[in-house]
$ cat start05.cif   # mmCIF, C-alpha atoms, pLDDT in the B column; chains and numbers go by the auth columns
data_final
loop_
_atom_site.group_PDB
_atom_site.id
_atom_site.type_symbol
_atom_site.label_atom_id
_atom_site.label_comp_id
_atom_site.label_asym_id
_atom_site.label_seq_id
_atom_site.Cartn_x
_atom_site.Cartn_y
_atom_site.Cartn_z
_atom_site.B_iso_or_equiv
_atom_site.auth_seq_id
_atom_site.auth_asym_id
ATOM 1 C CA MET A 1 0.000 0.000 0.000 55.00 25 A
ATOM 2 C CA ALA A 2 1.476 3.353 -1.070 70.00 26 A
ATOM 3 C CA GLU A 3 2.147 5.885 1.655 87.00 27 A
ATOM 4 C CA GLU A 4 0.489 9.288 1.408 95.00 28 A
ATOM 5 C CA LEU A 5 2.662 12.309 2.188 98.00 29 A
ATOM 6 C CA LYS A 6 1.436 15.889 1.977 98.00 30 A
ATOM 7 C CA LEU A 7 3.423 18.967 2.923 98.00 31 A
ATOM 8 C CA PHE A 8 1.573 22.189 3.696 98.00 32 A
ATOM 9 C CA ARG A 9 3.953 25.121 3.211 98.00 33 A
ATOM 10 C CA THR A 10 4.411 28.562 1.695 98.00 34 A
ATOM 11 C CA TRP A 11 6.832 29.307 -1.130 97.00 35 A
ATOM 12 C CA SER A 12 9.114 31.380 1.105 97.00 36 A
ATOM 13 C CA SER A 13 8.967 29.887 4.615 97.00 37 A
ATOM 14 C CA PRO A 14 12.488 28.913 5.776 96.00 38 A
ATOM 15 C CA PHE A 15 10.969 26.587 8.362 97.00 39 A
ATOM 16 C CA ALA A 16 8.917 24.708 5.784 98.00 40 A
ATOM 17 C CA LEU A 17 11.999 24.526 3.585 98.00 41 A
ATOM 18 C CA ARG A 18 13.623 22.360 6.258 98.00 42 A
ATOM 19 C CA ILE A 19 11.079 19.667 5.519 98.00 43 A
ATOM 20 C CA VAL A 20 11.546 20.011 1.765 98.00 44 A
ATOM 21 C CA HIS A 21 15.283 19.441 2.242 98.00 45 A
ATOM 22 C CA ALA A 22 14.767 16.447 4.516 98.00 46 A
ATOM 23 C CA LEU A 23 12.258 14.756 2.208 98.00 47 A
ATOM 24 C CA LYS A 24 14.537 15.329 -0.786 97.00 48 A
ATOM 25 C CA ILE A 25 17.550 13.902 1.017 97.00 49 A
ATOM 26 C CA LYS A 26 15.493 10.870 2.009 97.00 50 A
ATOM 27 C CA GLY A 27 14.303 10.451 -1.584 97.00 51 A
ATOM 28 C CA LEU A 28 10.631 10.572 -0.620 97.00 52 A
ATOM 29 C CA GLU A 29 7.748 11.442 -2.933 96.00 53 A
ATOM 30 C CA TYR A 30 5.208 13.892 -1.530 97.00 54 A
ATOM 31 C CA GLU A 31 2.491 16.327 -2.526 98.00 55 A
ATOM 32 C CA THR A 32 3.105 20.020 -1.920 98.00 56 A
ATOM 33 C CA ILE A 33 0.174 22.188 -0.875 98.00 57 A
ATOM 34 C CA PHE A 34 1.006 25.891 -0.960 98.00 58 A
ATOM 35 C CA GLU A 35 -0.836 27.989 1.587 98.00 59 A
ATOM 36 C CA ASP A 36 -1.812 31.656 1.500 96.00 60 A
ATOM 37 C CA LEU A 37 -1.380 32.605 5.160 96.00 61 A
ATOM 38 C CA SER A 38 -3.641 35.628 4.717 95.00 62 A
ATOM 39 C CA ASN A 39 -6.414 33.227 3.724 97.00 63 A
ATOM 40 C CA LYS A 40 -5.629 29.911 5.388 97.00 64 A
ATOM 41 C CA SER A 41 -7.278 26.804 4.033 98.00 65 A
ATOM 42 C CA ASP A 42 -9.731 24.754 6.045 98.00 66 A
ATOM 43 C CA SER A 43 -7.328 21.832 5.759 98.00 67 A
ATOM 44 C CA LEU A 44 -4.475 23.757 7.388 98.00 68 A
ATOM 45 C CA LEU A 45 -6.725 24.916 10.205 98.00 69 A
ATOM 46 C CA GLN A 46 -7.934 21.359 10.674 98.00 70 A
ATOM 47 C CA TYR A 47 -4.452 19.835 10.726 98.00 71 A
ATOM 48 C CA ASN A 48 -2.835 22.554 12.856 98.00 72 A
ATOM 49 C CA PRO A 49 -5.615 24.084 14.981 97.00 73 A
ATOM 50 C CA ILE A 50 -3.210 25.184 17.742 97.00 74 A
ATOM 51 C CA HIS A 51 -0.717 27.347 15.840 97.00 75 A
ATOM 52 C CA LYS A 52 -2.524 27.585 12.488 97.00 76 A
ATOM 53 C CA LYS A 53 0.751 27.846 10.569 97.00 77 A
ATOM 54 C CA VAL A 54 3.085 25.956 8.258 98.00 78 A
ATOM 55 C CA PRO A 55 4.794 23.594 7.911 98.00 79 A
ATOM 56 C CA VAL A 56 2.499 20.660 8.453 98.00 80 A
ATOM 57 C CA LEU A 57 3.401 17.180 7.212 98.00 81 A
ATOM 58 C CA VAL A 58 0.460 14.823 6.780 98.00 82 A
ATOM 59 C CA HIS A 59 1.482 11.147 6.696 98.00 83 A
ATOM 60 C CA ASN A 60 -1.320 8.753 5.860 97.00 84 A
ATOM 61 C CA GLY A 61 -3.863 11.244 7.195 97.00 85 A
ATOM 62 C CA LYS A 62 -1.956 11.996 10.424 98.00 86 A
ATOM 63 C CA PRO A 63 -0.625 15.575 10.811 98.00 87 A
ATOM 64 C CA ILE A 64 2.759 16.426 12.334 98.00 88 A
ATOM 65 C CA CYS A 65 3.435 20.088 13.142 98.00 89 A
ATOM 66 C CA GLU A 66 6.482 22.256 13.978 98.00 90 A
ATOM 67 C CA SER A 67 9.500 21.962 11.704 98.00 91 A
ATOM 68 C CA LEU A 68 12.028 20.472 14.167 98.00 92 A
ATOM 69 C CA VAL A 69 9.457 17.936 15.346 98.00 93 A
ATOM 70 C CA ILE A 70 8.712 17.025 11.736 98.00 94 A
ATOM 71 C CA LEU A 71 12.432 16.576 11.006 98.00 95 A
ATOM 72 C CA GLU A 72 12.752 14.051 13.822 98.00 96 A
ATOM 73 C CA TYR A 73 9.589 12.255 12.720 98.00 97 A
ATOM 74 C CA VAL A 74 10.876 11.953 9.158 98.00 98 A
ATOM 75 C CA ASP A 75 14.231 10.653 10.363 98.00 99 A
ATOM 76 C CA GLU A 76 12.677 8.072 12.679 97.00 100 A
ATOM 77 C CA THR A 77 10.127 6.901 10.129 97.00 101 A
ATOM 78 C CA TRP A 78 12.419 6.558 7.105 97.00 102 A
ATOM 79 C CA LYS A 79 15.824 5.163 8.071 96.00 103 A
ATOM 80 C CA GLN A 80 17.702 5.805 4.807 97.00 104 A
ATOM 81 C CA CYS A 81 20.193 8.688 4.798 97.00 105 A
ATOM 82 C CA PRO A 82 20.020 9.258 8.587 97.00 106 A
ATOM 83 C CA LEU A 83 19.904 12.891 9.682 98.00 107 A
ATOM 84 C CA LEU A 84 20.266 12.790 13.464 98.00 108 A
ATOM 85 C CA PRO A 85 23.368 11.280 15.090 96.00 109 A
ATOM 86 C CA ARG A 86 22.772 7.789 16.464 94.00 110 A
ATOM 87 C CA ASP A 87 24.814 8.409 19.621 96.00 111 A
ATOM 88 C CA PRO A 88 22.399 9.643 22.346 97.00 112 A
ATOM 89 C CA TYR A 89 24.742 12.381 23.571 97.00 113 A
ATOM 90 C CA GLU A 90 25.461 13.707 20.066 96.00 114 A
ATOM 91 C CA LYS A 91 21.745 13.558 19.306 97.00 115 A
ATOM 92 C CA ALA A 92 20.964 15.588 22.434 98.00 116 A
ATOM 93 C CA LYS A 93 23.587 18.172 21.451 97.00 117 A
ATOM 94 C CA ALA A 94 22.134 18.486 17.963 97.00 118 A
ATOM 95 C CA ARG A 95 18.664 19.083 19.431 98.00 119 A
ATOM 96 C CA PHE A 96 20.055 21.674 21.850 98.00 120 A
ATOM 97 C CA TRP A 97 21.760 23.694 19.105 98.00 121 A
ATOM 98 C CA ALA A 98 18.766 23.466 16.784 98.00 122 A
ATOM 99 C CA LYS A 99 16.614 24.980 19.538 98.00 123 A
ATOM 100 C CA PHE A 100 19.288 27.617 20.170 98.00 124 A
ATOM 101 C CA GLY A 101 19.111 28.516 16.486 98.00 125 A
ATOM 102 C CA ASP A 102 15.356 29.021 16.611 97.00 126 A
ATOM 103 C CA ASP A 103 15.075 30.637 20.049 97.00 127 A
ATOM 104 C CA LYS A 104 18.194 32.813 20.160 97.00 128 A
ATOM 105 C CA LEU A 105 19.916 33.163 16.809 98.00 129 A
ATOM 106 C CA PHE A 106 16.866 33.702 14.604 97.00 130 A
ATOM 107 C CA SER A 107 15.347 36.302 16.912 97.00 131 A
ATOM 108 C CA SER A 108 18.646 38.194 17.196 97.00 132 A
ATOM 109 C CA ILE A 109 19.055 38.291 13.404 97.00 133 A
ATOM 110 C CA TRP A 110 15.442 39.426 13.071 96.00 134 A
ATOM 111 C CA ASN A 111 16.024 42.223 15.587 97.00 135 A
ATOM 112 C CA VAL A 112 18.811 43.524 13.352 97.00 136 A
ATOM 113 C CA PHE A 113 16.506 43.403 10.348 96.00 137 A
ATOM 114 C CA THR A 114 13.710 45.346 12.036 96.00 138 A
ATOM 115 C CA THR A 115 15.880 48.217 13.315 96.00 139 A
ATOM 116 C CA GLN A 116 18.072 50.883 11.769 94.00 140 A
ATOM 117 C CA GLY A 117 20.646 53.521 12.663 93.00 141 A
ATOM 118 C CA LYS A 118 21.820 53.715 16.272 95.00 142 A
ATOM 119 C CA GLU A 119 19.032 51.359 17.348 95.00 143 A
ATOM 120 C CA GLN A 120 20.649 48.629 15.254 96.00 144 A
ATOM 121 C CA GLU A 121 23.964 48.609 17.153 96.00 145 A
ATOM 122 C CA GLU A 122 22.782 46.529 20.114 97.00 146 A
ATOM 123 C CA PRO A 123 20.959 43.922 17.978 97.00 147 A
ATOM 124 C CA ILE A 124 24.040 43.565 15.755 97.00 148 A
ATOM 125 C CA ALA A 125 26.249 42.918 18.787 97.00 149 A
ATOM 126 C CA ALA A 126 23.769 40.324 20.098 97.00 150 A
ATOM 127 C CA ALA A 127 23.580 38.597 16.708 98.00 151 A
ATOM 128 C CA VAL A 128 27.362 38.399 16.441 97.00 152 A
ATOM 129 C CA GLN A 129 27.558 36.891 19.940 98.00 153 A
ATOM 130 C CA ASN A 130 25.005 34.252 18.936 98.00 154 A
ATOM 131 C CA LEU A 131 26.923 33.431 15.753 98.00 155 A
ATOM 132 C CA LYS A 132 30.184 32.758 17.626 98.00 156 A
ATOM 133 C CA PRO A 133 29.199 29.383 19.160 98.00 157 A
ATOM 134 C CA ILE A 134 27.878 28.273 15.759 97.00 158 A
ATOM 135 C CA GLU A 135 31.314 28.978 14.296 98.00 159 A
ATOM 136 C CA GLU A 136 32.888 26.859 17.060 97.00 160 A
ATOM 137 C CA LEU A 137 30.634 23.906 16.243 97.00 161 A
ATOM 138 C CA LEU A 138 32.162 23.695 12.757 97.00 162 A
ATOM 139 C CA LYS A 139 35.779 23.199 13.782 96.00 163 A
ATOM 140 C CA GLU A 140 37.394 20.489 11.610 92.00 164 A
ATOM 141 C CA LYS A 141 34.028 19.770 9.937 94.00 165 A
ATOM 142 C CA LYS A 142 32.561 20.373 6.500 96.00 166 A
ATOM 143 C CA PHE A 143 29.026 20.080 7.869 98.00 167 A
ATOM 144 C CA PHE A 144 27.755 20.182 11.441 96.00 168 A
ATOM 145 C CA GLY A 145 27.469 16.409 11.545 87.00 169 A
ATOM 146 C CA GLY A 146 30.695 15.667 9.650 92.00 170 A
ATOM 147 C CA GLU A 147 31.048 15.011 5.932 94.00 171 A
ATOM 148 C CA THR A 148 27.381 14.852 4.972 96.00 172 A
ATOM 149 C CA ILE A 149 24.346 17.074 5.513 98.00 173 A
ATOM 150 C CA GLY A 150 22.366 16.142 8.604 98.00 174 A
ATOM 151 C CA TYR A 151 19.733 17.347 11.049 98.00 175 A
ATOM 152 C CA LEU A 152 21.636 20.354 12.366 98.00 176 A
ATOM 153 C CA ASP A 153 22.619 21.516 8.886 98.00 177 A
ATOM 154 C CA ILE A 154 18.965 21.469 7.885 98.00 178 A
ATOM 155 C CA ALA A 155 17.981 23.208 11.138 98.00 179 A
ATOM 156 C CA PHE A 156 20.518 25.984 10.454 98.00 180 A
ATOM 157 C CA GLY A 157 19.816 25.950 6.716 97.00 181 A
ATOM 158 C CA TRP A 158 17.854 29.211 6.866 97.00 182 A
ATOM 159 C CA THR A 159 21.071 31.063 7.748 97.00 183 A
ATOM 160 C CA ALA A 160 22.652 30.087 4.410 97.00 184 A
ATOM 161 C CA ASN A 161 19.789 31.721 2.528 95.00 185 A
ATOM 162 C CA ILE A 162 18.053 34.331 4.668 96.00 186 A
ATOM 163 C CA ILE A 163 21.116 36.050 6.165 97.00 187 A
ATOM 164 C CA SER A 164 22.619 36.925 2.785 96.00 188 A
ATOM 165 C CA ILE A 165 19.245 38.280 1.615 97.00 189 A
ATOM 166 C CA LEU A 166 18.890 40.452 4.708 97.00 190 A
ATOM 167 C CA GLU A 167 22.495 41.596 4.368 97.00 191 A
ATOM 168 C CA GLU A 168 21.846 42.697 0.800 97.00 192 A
ATOM 169 C CA ILE A 169 18.708 44.610 1.762 97.00 193 A
ATOM 170 C CA MET A 170 20.411 46.370 4.680 96.00 194 A
ATOM 171 C CA ASN A 171 23.815 46.783 3.002 96.00 195 A
ATOM 172 C CA LEU A 172 25.328 45.058 6.026 95.00 196 A
ATOM 173 C CA ASN A 173 27.803 42.205 6.496 95.00 197 A
ATOM 174 C CA LEU A 174 26.873 40.097 9.516 95.00 198 A
ATOM 175 C CA VAL A 175 28.700 36.891 8.590 96.00 199 A
ATOM 176 C CA ASP A 176 32.094 38.341 7.756 92.00 200 A
ATOM 177 C CA GLU A 177 34.475 35.810 6.166 94.00 201 A
ATOM 178 C CA GLU A 178 37.337 36.977 8.373 95.00 202 A
ATOM 179 C CA LYS A 179 35.343 36.755 11.612 95.00 203 A
ATOM 180 C CA PHE A 180 33.397 33.625 10.648 98.00 204 A
ATOM 181 C CA PRO A 181 35.500 31.675 8.119 97.00 205 A
ATOM 182 C CA LEU A 182 34.056 28.265 9.048 98.00 206 A
ATOM 183 C CA LEU A 183 30.452 29.440 8.992 98.00 207 A
ATOM 184 C CA SER A 184 31.020 31.239 5.691 98.00 208 A
ATOM 185 C CA ALA A 185 32.509 28.068 4.162 97.00 209 A
ATOM 186 C CA TRP A 186 29.643 25.972 5.528 98.00 210 A
ATOM 187 C CA MET A 187 27.077 28.335 3.994 98.00 211 A
ATOM 188 C CA GLN A 188 28.722 27.844 0.598 97.00 212 A
ATOM 189 C CA ASN A 189 28.983 24.062 0.997 97.00 213 A
ATOM 190 C CA PHE A 190 25.388 23.746 2.124 98.00 214 A
ATOM 191 C CA SER A 191 23.953 26.086 -0.511 97.00 215 A
ATOM 192 C CA ASN A 192 25.897 24.441 -3.335 96.00 216 A
ATOM 193 C CA ASP A 193 24.811 20.899 -2.519 96.00 217 A
ATOM 194 C CA PRO A 194 22.718 19.800 -5.538 96.00 218 A
ATOM 195 C CA VAL A 195 19.730 18.675 -3.445 94.00 219 A
ATOM 196 C CA ILE A 196 19.699 21.887 -1.426 97.00 220 A
ATOM 197 C CA LYS A 197 20.399 24.205 -4.342 95.00 221 A
ATOM 198 C CA GLU A 198 17.402 23.100 -6.399 95.00 222 A
ATOM 199 C CA CYS A 199 15.018 23.838 -3.515 95.00 223 A
ATOM 200 C CA TRP A 200 15.895 27.465 -2.762 96.00 224 A
ATOM 201 C CA PRO A 201 13.065 29.930 -3.479 97.00 225 A
ATOM 202 C CA PRO A 202 13.774 32.583 -6.160 97.00 226 A
ATOM 203 C CA ARG A 203 16.201 35.080 -4.663 97.00 227 A
ATOM 204 C CA ASP A 204 14.742 38.112 -6.447 97.00 228 A
ATOM 205 C CA LYS A 205 11.267 37.336 -5.070 98.00 229 A
ATOM 206 C CA MET A 206 12.694 36.820 -1.583 98.00 230 A
ATOM 207 C CA ILE A 207 14.442 40.193 -1.686 97.00 231 A
ATOM 208 C CA VAL A 208 11.235 41.957 -2.696 98.00 232 A
ATOM 209 C CA LYS A 209 9.257 40.130 0.004 97.00 233 A
ATOM 210 C CA PHE A 210 11.694 40.983 2.790 97.00 234 A
ATOM 211 C CA GLN A 211 12.144 44.571 1.616 97.00 235 A
ATOM 212 C CA VAL A 212 8.400 45.080 1.978 96.00 236 A
ATOM 213 C CA MET A 213 8.447 43.432 5.404 95.00 237 A
ATOM 214 C CA ARG A 214 11.316 45.618 6.606 96.00 238 A
ATOM 215 C CA GLU A 215 9.591 48.804 5.438 95.00 239 A
ATOM 216 C CA LYS A 216 6.412 47.821 7.295 93.00 240 A
ATOM 217 C CA TYR A 217 8.316 47.114 10.525 91.00 241 A
ATOM 218 C CA LEU A 218 10.268 50.376 10.357 93.00 242 A
ATOM 219 C CA LYS A 219 7.154 52.429 9.584 90.00 243 A
ATOM 220 C CA ALA A 220 5.338 50.814 12.507 85.00 244 A
ATOM 221 C CA VAL A 221 8.150 51.810 14.868 72.00 245 A
ATOM 222 C CA VAL A 222 8.170 55.410 13.606 65.00 246 A
ATOM 223 C CA SER A 223 4.399 55.737 14.019 61.00 247 A
ATOM 224 C CA GLN A 224 4.435 54.558 17.629 57.00 248 A
#
$ encode --input "start05.cif" --output "structure tokens"
Amino acid sequence: MAEELKLFRTWSSPFALRIVHALKIKGLEYETIFEDLSNKSDSLLQYNPIHKKVPVLVHNGKPICESLVILEYVDETWKQCPLLPRDPYEKAKARFWAKFGDDKLFSSIWNVFTTQGKEQEEPIAAAVQNLKPIEELLKEKKFFGGETIGYLDIAFGWTANIISILEEIMNLNLVDEEKFPLLSAWMQNFSNDPVIKECWPPRDKMIVKFQVMREKYLKAVVSQ
């Protein structure tokens, strides 16, 4: 009996893109359902009534929500091309740093993006501090897990795409090659992997999208 896999996502969501990468690496066939988050479908609201957001993976009618949770589900369900380390301690570390990326690093990068001028100085300093331990994780490694792309690479995958887009919009260099040589090299290695490369959303559309978002945030701050 054929398995049914459906992925609810948007074209630009970096969190949904994690699942795209994982499913591609695993060689799994799935149906993509693109959502308009300004007019969410009944199916999305049914499958994710708590958060009402993407991504949602539906496997044989059963929904799994939250991107890091979905990554672990995919890895446990389909054993080929393992993503998480098999050693319990290394697995725990990978989970810790993935959560750090979402809770600390992403928010600090976003704070840089939604500020300007003098107000941007403190967020930049915080973002740089959060990038430093990520640089340390890559010592003597091509990818976070070693020689092949794994769970933590996919979890941090948004940095290889989103940071450069935000840097271009703000005319700012957060991941300086001199300060972060290992992270810079990893971003290139990850982005240039054939499976990853074919999944990136169109860069020109992403720049337009995030430019509009930045303008809205900055205008909202001025009007307060």
$ residues_around --input "start05.cif" --residues "Val199 in chain A" --least-positions-apart "5" --cutoff "9 Å" --atoms "all atoms listed in the file" --output "list in words"
Val152, Leu155, Ile187, Ser188, Glu191, Phe204, Pro205, Leu207 and Ser208 of chain A
$ write_last_selection --input "start05.cif" --atoms "C-alpha atoms" --output "PDB file, in the frame of the given file"
ATOM      1  CA  VAL A 152      27.362  38.399  16.441  1.00 97.00           C
ATOM      2  CA  LEU A 155      26.923  33.431  15.753  1.00 98.00           C
ATOM      3  CA  ILE A 187      21.116  36.050   6.165  1.00 97.00           C
ATOM      4  CA  SER A 188      22.619  36.925   2.785  1.00 96.00           C
ATOM      5  CA  GLU A 191      22.495  41.596   4.368  1.00 97.00           C
ATOM      6  CA  PHE A 204      33.397  33.625  10.648  1.00 98.00           C
ATOM      7  CA  PRO A 205      35.500  31.675   8.119  1.00 97.00           C
ATOM      8  CA  LEU A 207      30.452  29.440   8.992  1.00 98.00           C
ATOM      9  CA  SER A 208      31.020  31.239   5.691  1.00 98.00           C
TER      10      SER A 208
END
$ resolve_selection --input "start05.cif" --expression "the PyMOL selection byres ((chain A and resi 210) around 9)" --output "list in words"
Leu162, Lys165, Lys166, Phe167, Phe168, Asp177, Ala184, Pro205, Leu206, Leu207, Ser208, Ala209, Met211, Gln212, Asn213, Phe214 and Ser215 of chain A
$ resolve_selection --input "start05.cif" --expression "the PyMOL selection byres ((chain A and resi 36) around 12)" --output "PyMOL selection string"
chain A and resi 33-35+37-42+44+58-61+78-79+182+185-186+223-234
$ atom_distance --input "start05.cif" --atom1 "CA of His45 in chain A" --atom2 "CA of Glu222 in chain A"
9.6 Å
$ closest_residue --input "start05.cif" --among "A:Thr138, A:Glu202, A:Pro218, A:Ala151" --to "Leu242 in chain A" --atoms "all atoms listed in the file"
A:Thr138
$ atom_distance --input "start05.cif" --atom1 "CA of Asn72 in chain A" --atom2 "CA of Lys115 in chain A"
27.0 Å
$ closest_residue --input "start05.cif" --among "A:Ile173, A:Leu69, A:Val245, A:Ala118" --to "Glu96 in chain A" --atoms "all atoms listed in the file"
A:Ala118
$ resolve_selection --input "start05.cif" --expression "the PyMOL selection byres ((chain A and resi 136) around 10)" --output "CSV table (one decimal) with C-alpha atoms, keeping the file's coordinate frame"
chain,number,residue,atom,x,y,z
A,131,SER,CA,15.3,36.3,16.9
A,132,SER,CA,18.6,38.2,17.2
A,133,ILE,CA,19.1,38.3,13.4
A,134,TRP,CA,15.4,39.4,13.1
A,135,ASN,CA,16.0,42.2,15.6
A,137,PHE,CA,16.5,43.4,10.3
A,138,THR,CA,13.7,45.3,12.0
A,139,THR,CA,15.9,48.2,13.3
A,140,GLN,CA,18.1,50.9,11.8
A,143,GLU,CA,19.0,51.4,17.3
A,144,GLN,CA,20.6,48.6,15.3
A,145,GLU,CA,24.0,48.6,17.2
A,146,GLU,CA,22.8,46.5,20.1
A,147,PRO,CA,21.0,43.9,18.0
A,148,ILE,CA,24.0,43.6,15.8
A,149,ALA,CA,26.2,42.9,18.8
A,150,ALA,CA,23.8,40.3,20.1
A,151,ALA,CA,23.6,38.6,16.7
A,190,LEU,CA,18.9,40.5,4.7
A,191,GLU,CA,22.5,41.6,4.4
A,194,MET,CA,20.4,46.4,4.7
A,196,LEU,CA,25.3,45.1,6.0
A,198,LEU,CA,26.9,40.1,9.5
$ atom_distance --input "start05.cif" --atom1 "CA of Asp99 in chain A" --atom2 "CA of Leu68 in chain A"
23.0 Å
$ closest_residue --input "start05.cif" --among "A:Ala122, A:Ala46, A:Val219, A:Leu108" --to "Ala179 in chain A" --atoms "only C-alpha atoms"
A:Ala122
$ closest_residue --input "start05.cif" --among "A:Ala116, A:Glu28, A:Asp200, A:Glu90" --to "Ile74 in chain A" --atoms "all atoms listed in the file"
A:Glu90
$ axis_aligned_box --input "start05.cif" --around "range 48-65 of chain A" --padding-each-side "4 Å" --output "JSON"
{"center_x": 5.1, "center_y": 23.0, "center_z": 1.2, "size_x": 32.8, "size_y": 33.2, "size_z": 16.3}
$ closest_residue --input "start05.cif" --among "A:Asn216, A:Gln104, A:Thr56, A:Asn195" --to "Gly174 in chain A" --atoms "all atoms listed in the file"
A:Gln104
$ closest_residue --input "start05.cif" --among "A:Ile43, A:Val236, A:Val80, A:Leu29" --to "Leu95 in chain A" --atoms "only C-alpha atoms"
A:Ile43
$ decode --input "start05.cif" --residues "range 211-240 of chain A" --atoms "C-alpha atoms" --output "PDB file, in the first residue's frame"
ATOM      1  CA  MET A 211      27.077  28.335   3.994  1.00  0.00           C
ATOM      2  CA  GLN A 212      28.722  27.844   0.598  1.00  0.00           C
ATOM      3  CA  ASN A 213      28.983  24.062   0.997  1.00  0.00           C
ATOM      4  CA  PHE A 214      25.388  23.746   2.124  1.00  0.00           C
ATOM      5  CA  SER A 215      23.953  26.086  -0.511  1.00  0.00           C
ATOM      6  CA  ASN A 216      25.897  24.441  -3.335  1.00  0.00           C
ATOM      7  CA  ASP A 217      24.811  20.899  -2.519  1.00  0.00           C
ATOM      8  CA  PRO A 218      22.718  19.800  -5.538  1.00  0.00           C
ATOM      9  CA  VAL A 219      19.730  18.675  -3.445  1.00  0.00           C
ATOM     10  CA  ILE A 220      19.699  21.887  -1.426  1.00  0.00           C
ATOM     11  CA  LYS A 221      20.399  24.205  -4.342  1.00  0.00           C
ATOM     12  CA  GLU A 222      17.402  23.100  -6.399  1.00  0.00           C
ATOM     13  CA  CYS A 223      15.018  23.838  -3.515  1.00  0.00           C
ATOM     14  CA  TRP A 224      15.895  27.465  -2.762  1.00  0.00           C
ATOM     15  CA  PRO A 225      13.065  29.930  -3.479  1.00  0.00           C
ATOM     16  CA  PRO A 226      13.774  32.583  -6.160  1.00  0.00           C
ATOM     17  CA  ARG A 227      16.201  35.080  -4.663  1.00  0.00           C
ATOM     18  CA  ASP A 228      14.742  38.112  -6.447  1.00  0.00           C
ATOM     19  CA  LYS A 229      11.267  37.336  -5.070  1.00  0.00           C
ATOM     20  CA  MET A 230      12.694  36.820  -1.583  1.00  0.00           C
ATOM     21  CA  ILE A 231      14.442  40.193  -1.686  1.00  0.00           C
ATOM     22  CA  VAL A 232      11.235  41.957  -2.696  1.00  0.00           C
ATOM     23  CA  LYS A 233       9.257  40.130   0.004  1.00  0.00           C
ATOM     24  CA  PHE A 234      11.694  40.983   2.790  1.00  0.00           C
ATOM     25  CA  GLN A 235      12.144  44.571   1.616  1.00  0.00           C
ATOM     26  CA  VAL A 236       8.400  45.080   1.978  1.00  0.00           C
ATOM     27  CA  MET A 237       8.447  43.432   5.404  1.00  0.00           C
ATOM     28  CA  ARG A 238      11.316  45.618   6.606  1.00  0.00           C
ATOM     29  CA  GLU A 239       9.591  48.804   5.438  1.00  0.00           C
ATOM     30  CA  LYS A 240       6.412  47.821   7.295  1.00  0.00           C
TER      31      LYS A 240
END
